[in-house]
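Just below is one structure, and these are the notes that go with it.
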Amino acid sequence: MTQQRITVIRGDGIGPDIIDATTKILDHVGCDFAYDYADAGLVALEKHGELLPQETLDLIAKNKIALKGPLTTPVGEGFTSINVSLRKQFKLYANLRPVMSFKGTKARYEDIDIITVRENTQGMYSGLGQKVSEDGNEAEAMSKITREGAEKIVTFAYEMARREGRKKVTAVHKANILKSTSGLFLKVAREVGERYPDIESAEMIVDNTCMQLVMNPHQFDVIVTTNLFGDIISDLCAGLVGGLGMAPGANIGEDCAIFEAVHGSAPDIAGKNLANPTSVILAAVQMLEHLNMGDKAEKVRSALKDVIESGDRTTRDLGGQNGTTEFTQAVLDRLNK
């Protein structure tokens, strides 16, 4: 059997700290991956003069699977978002962001288990029609939704729900105001939902969704929505379980997938052995599930869960006094049992 090669982008700030912790865990659980390291972000800009070098794109295209730490796109300097560029380049149309409660965190709720399925390439993030008037007083941007794009993402959500034994899919929209774009998305979502009579279908306006997530998050199971709404909602969901440090992300296309920590690069604590690697460890769990290595995924998830619940060598954001190295070792110790 051919050894699985993974393109690893360590990223900026705390990226190298948490990615190295995660690959150590993957090796320890017996994954036998071969890692091809590539640069992106500020590290790449310093070394290669560009945020996203062609050799990095070539490695991702070759291996089809990538594990990525947080990347920094310089703000206000004309640079295009690296994450958006990667999604467009590899047609990663589905952004899969699950959140799950872990006892031992500072989360406001217990028993949260919600997956946000976000369309990843269209809507307000498509980059179409962006312009600012010469006098700087007017700005425009265009949102574009296609029937094909809407059908692909909603079908993805229902298929995933069926595969994972989920009971309900909620389509989130703003069709009462955005009658063209959001209206088309909702129309398609209704049509697709009819093909899955075994799964409960619901629909909800985005502003009400945000309120309901705060008031009664347990009513949600799978949420499927457009790009901008999905970005906001998935962060809100992360807040329900303790923050972005507890939330992974997967970007999935037809023949390529990138798994990532969804939080920022936190340069102020880079290299200080302070970062919590949970987000990217959970992204690696998503990667293992994608690669049909569910047994190893469950071992890593269970070890991580036990570390956090027991408070054994946890990082400061989890109420402990330890660093990345000690936290990682606590996970490795459980994998030894």
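Identifiers in this document derive from the order of the structure tokens: chains are assigned A, B, ..., residues are numbered from 1 separately in each chain, and ligands are numbered from 1 in order of occurrence.
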Output as JSON lines one row per residue of range 69-97 of chain A within 12 Å of range 115-136 of chain A: the closest atom pair and its distance in Å to one decimal place, counting only C-alpha atoms, sorted by chain and residue number ascending.
{"residue": "A:Thr80", "atom": "CA", "partner": "A:Gly127", "partner_atom": "CA", "distance": 9.5}
{"residue": "A:Ser81", "atom": "CA", "partner": "A:Tyr125", "partner_atom": "CA", "distance": 10.0}
{"residue": "A:Asn83", "atom": "CA", "partner": "A:Asn120", "partner_atom": "CA", "distance": 10.2}
{"residue": "A:Val84", "atom": "CA", "partner": "A:Tyr125", "partner_atom": "CA", "distance": 7.7}
{"residue": "A:Ser85", "atom": "CA", "partner": "A:Thr121", "partner_atom": "CA", "distance": 9.6}
{"residue": "A:Leu86", "atom": "CA", "partner": "A:Thr121", "partner_atom": "CA", "distance": 10.0}
{"residue": "A:Arg87", "atom": "CA", "partner": "A:Thr121", "partner_atom": "CA", "distance": 6.6}
{"residue": "A:Lys88", "atom": "CA", "partner": "A:Thr121", "partner_atom": "CA", "distance": 6.2}
{"residue": "A:Gln89", "atom": "CA", "partner": "A:Thr121", "partner_atom": "CA", "distance": 9.9}
{"residue": "A:Phe90", "atom": "CA", "partner": "A:Thr121", "partner_atom": "CA", "distance": 10.1}
{"residue": "A:Lys91", "atom": "CA", "partner": "A:Thr121", "partner_atom": "CA", "distance": 7.3}
{"residue": "A:Leu92", "atom": "CA", "partner": "A:Asn120", "partner_atom": "CA", "distance": 6.6}
{"residue": "A:Tyr93", "atom": "CA", "partner": "A:Asn120", "partner_atom": "CA", "distance": 4.7}
{"residue": "A:Ala94", "atom": "CA", "partner": "A:Glu119", "partner_atom": "CA", "distance": 5.3}
{"residue": "A:Asn95", "atom": "CA", "partner": "A:Arg118", "partner_atom": "CA", "distance": 4.9}
{"residue": "A:Leu96", "atom": "CA", "partner": "A:Val117", "partner_atom": "CA", "distance": 4.9}
{"residue": "A:Arg97", "atom": "CA", "partner": "A:Thr116", "partner_atom": "CA", "distance": 5.2}
| task | Name the closest residue to Lys299 in chain A among the candidates A:Gly15, A:Ser234, A:Gly320, A:Leu335; distances are taken between atoms, counting only C-alpha atoms. | result | A:Leu335
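Between Thr23 in chain A and the candidates A:Thr7, A:Thr209, A:Asn176, A:Asn63, the tightest atom-to-atom separation, counting only C-alpha atoms, involves A:Thr7.
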| task | as a PyMOL selection string, list the residues of range 113-225 of chain A assigned to helix (DSSP H, G or I) by DSSP on the backbone atoms of this structure. | result | chain A and resi 147-163+181-193+206-215+217-219
Keeping C-alpha atoms, export the residues of the selection given above as a short mmCIF file (atom, residue, chain, number, x, y, z; two decimals), in the first residue's frame.
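Once everything was written out, this is again23.cif:
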data_model
loop_
_atom_site.label_atom_id
_atom_site.label_comp_id
_atom_site.auth_asym_id
_atom_site.auth_seq_id
_atom_site.Cartn_x
_atom_site.Cartn_y
_atom_site.Cartn_z
CA ARG A 147 -27.78 27.05 -8.78
CA GLU A 148 -24.92 24.58 -9.26
CA GLY A 149 -22.97 25.98 -6.30
CA ALA A 150 -26.01 26.01 -4.02
CA GLU A 151 -27.00 22.48 -4.98
CA LYS A 152 -23.49 21.14 -4.41
CA ILE A 153 -23.16 22.56 -0.91
CA VAL A 154 -26.66 21.63 0.25
CA THR A 155 -26.30 18.12 -1.15
CA PHE A 156 -22.94 17.85 0.62
CA ALA A 157 -24.62 18.79 3.90
CA TYR A 158 -27.42 16.24 3.55
CA GLU A 159 -25.08 13.46 2.43
CA MET A 160 -22.81 14.15 5.39
CA ALA A 161 -25.82 14.22 7.73
CA ARG A 162 -27.02 10.86 6.45
CA ARG A 163 -23.55 9.33 6.62
CA THR A 181 -29.01 35.56 -4.20
CA SER A 182 -30.30 34.27 -0.87
CA GLY A 183 -33.63 33.56 -2.53
CA LEU A 184 -31.99 31.22 -5.02
CA PHE A 185 -30.03 29.48 -2.27
CA LEU A 186 -33.21 28.88 -0.23
CA LYS A 187 -35.16 27.64 -3.27
CA VAL A 188 -32.43 25.12 -4.08
CA ALA A 189 -32.11 24.09 -0.41
CA ARG A 190 -35.83 23.29 -0.31
CA GLU A 191 -35.57 21.23 -3.48
CA VAL A 192 -32.59 19.25 -2.23
CA GLY A 193 -34.20 18.69 1.17
CA VAL A 206 -29.65 34.39 9.54
CA ASP A 207 -30.27 37.06 12.19
CA ASN A 208 -32.76 34.83 13.98
CA THR A 209 -30.26 31.97 13.69
CA CYS A 210 -27.67 33.99 15.60
CA MET A 211 -30.16 34.78 18.34
CA GLN A 212 -31.37 31.18 18.55
CA LEU A 213 -27.79 29.86 18.73
CA VAL A 214 -27.27 31.99 21.83
CA MET A 215 -30.62 31.21 23.43
CA PRO A 217 -28.17 26.06 20.57
CA HIS A 218 -29.29 22.48 21.21
CA GLN A 219 -32.00 22.82 18.55
#
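Nearest residue to Tyr37 in chain A, choosing from A:Gly249, A:Gly230, A:Gly11, A:Gly271 and counting only C-alpha atoms: A:Gly11.
Among the candidate residues A:Leu178, A:Ile82, A:Val172, A:Gln3, the one lying nearest to Ile232 in chain A is A:Val172, with distances computed using only C-alpha atoms.
Reported to one decimal place, the separation of CA of Phe102 in chain A from CA of Leu304 in chain A is 9.4 Å.
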| Nearest residue to Leu26 in chain A from the set A:Val43, A:Ile233, A:Ala250, A:Ile6 (distances using only C-alpha atoms) | A:Ile6
| query | Contacts of Pro248 in chain A at 12 Å or less, counting only C-alpha atoms, minus same-chain residues fewer than 3 places along, as a PyMOL selection string? | reply | chain A and resi 67-70+95-100+115-116+234-235+237-238+241+243-245+251+258-263+277-287
| field | Selected residue, from A:Ala275, A:Val224, A:Ile60, A:Ala44, that lies nearest to Ile18 in chain A when counting only C-alpha atoms | value | A:Ala275
| task | Enumerate as a PyMOL selection string all residues of range 90-153 of chain A assigned to strand (DSSP E or B) by DSSP on the backbone, naming them with the chain letters and numbers the document uses. | result | chain A and resi 94-100+113-119+123-132+139-144
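Between CA of Leu51 in chain A and CA of Ile9 in chain A the separation is 12.1 Å.
Using only C-alpha atoms, the residues found no farther than 9 Å from Gly323 in chain A, other than those of its own chain fewer than 2 positions away, are A:Lys272, A:Asn273, A:Leu274, A:Ala275, A:Asn276, A:Arg313, A:Thr314, A:Thr315, A:Arg316, A:Gly320, A:Gln321, A:Thr325, A:Glu326, A:Phe327, A:Thr328.
Reported to one decimal place, the separation of CA of Gly239 in chain A from CA of Ala266 in chain A is 17.6 Å.
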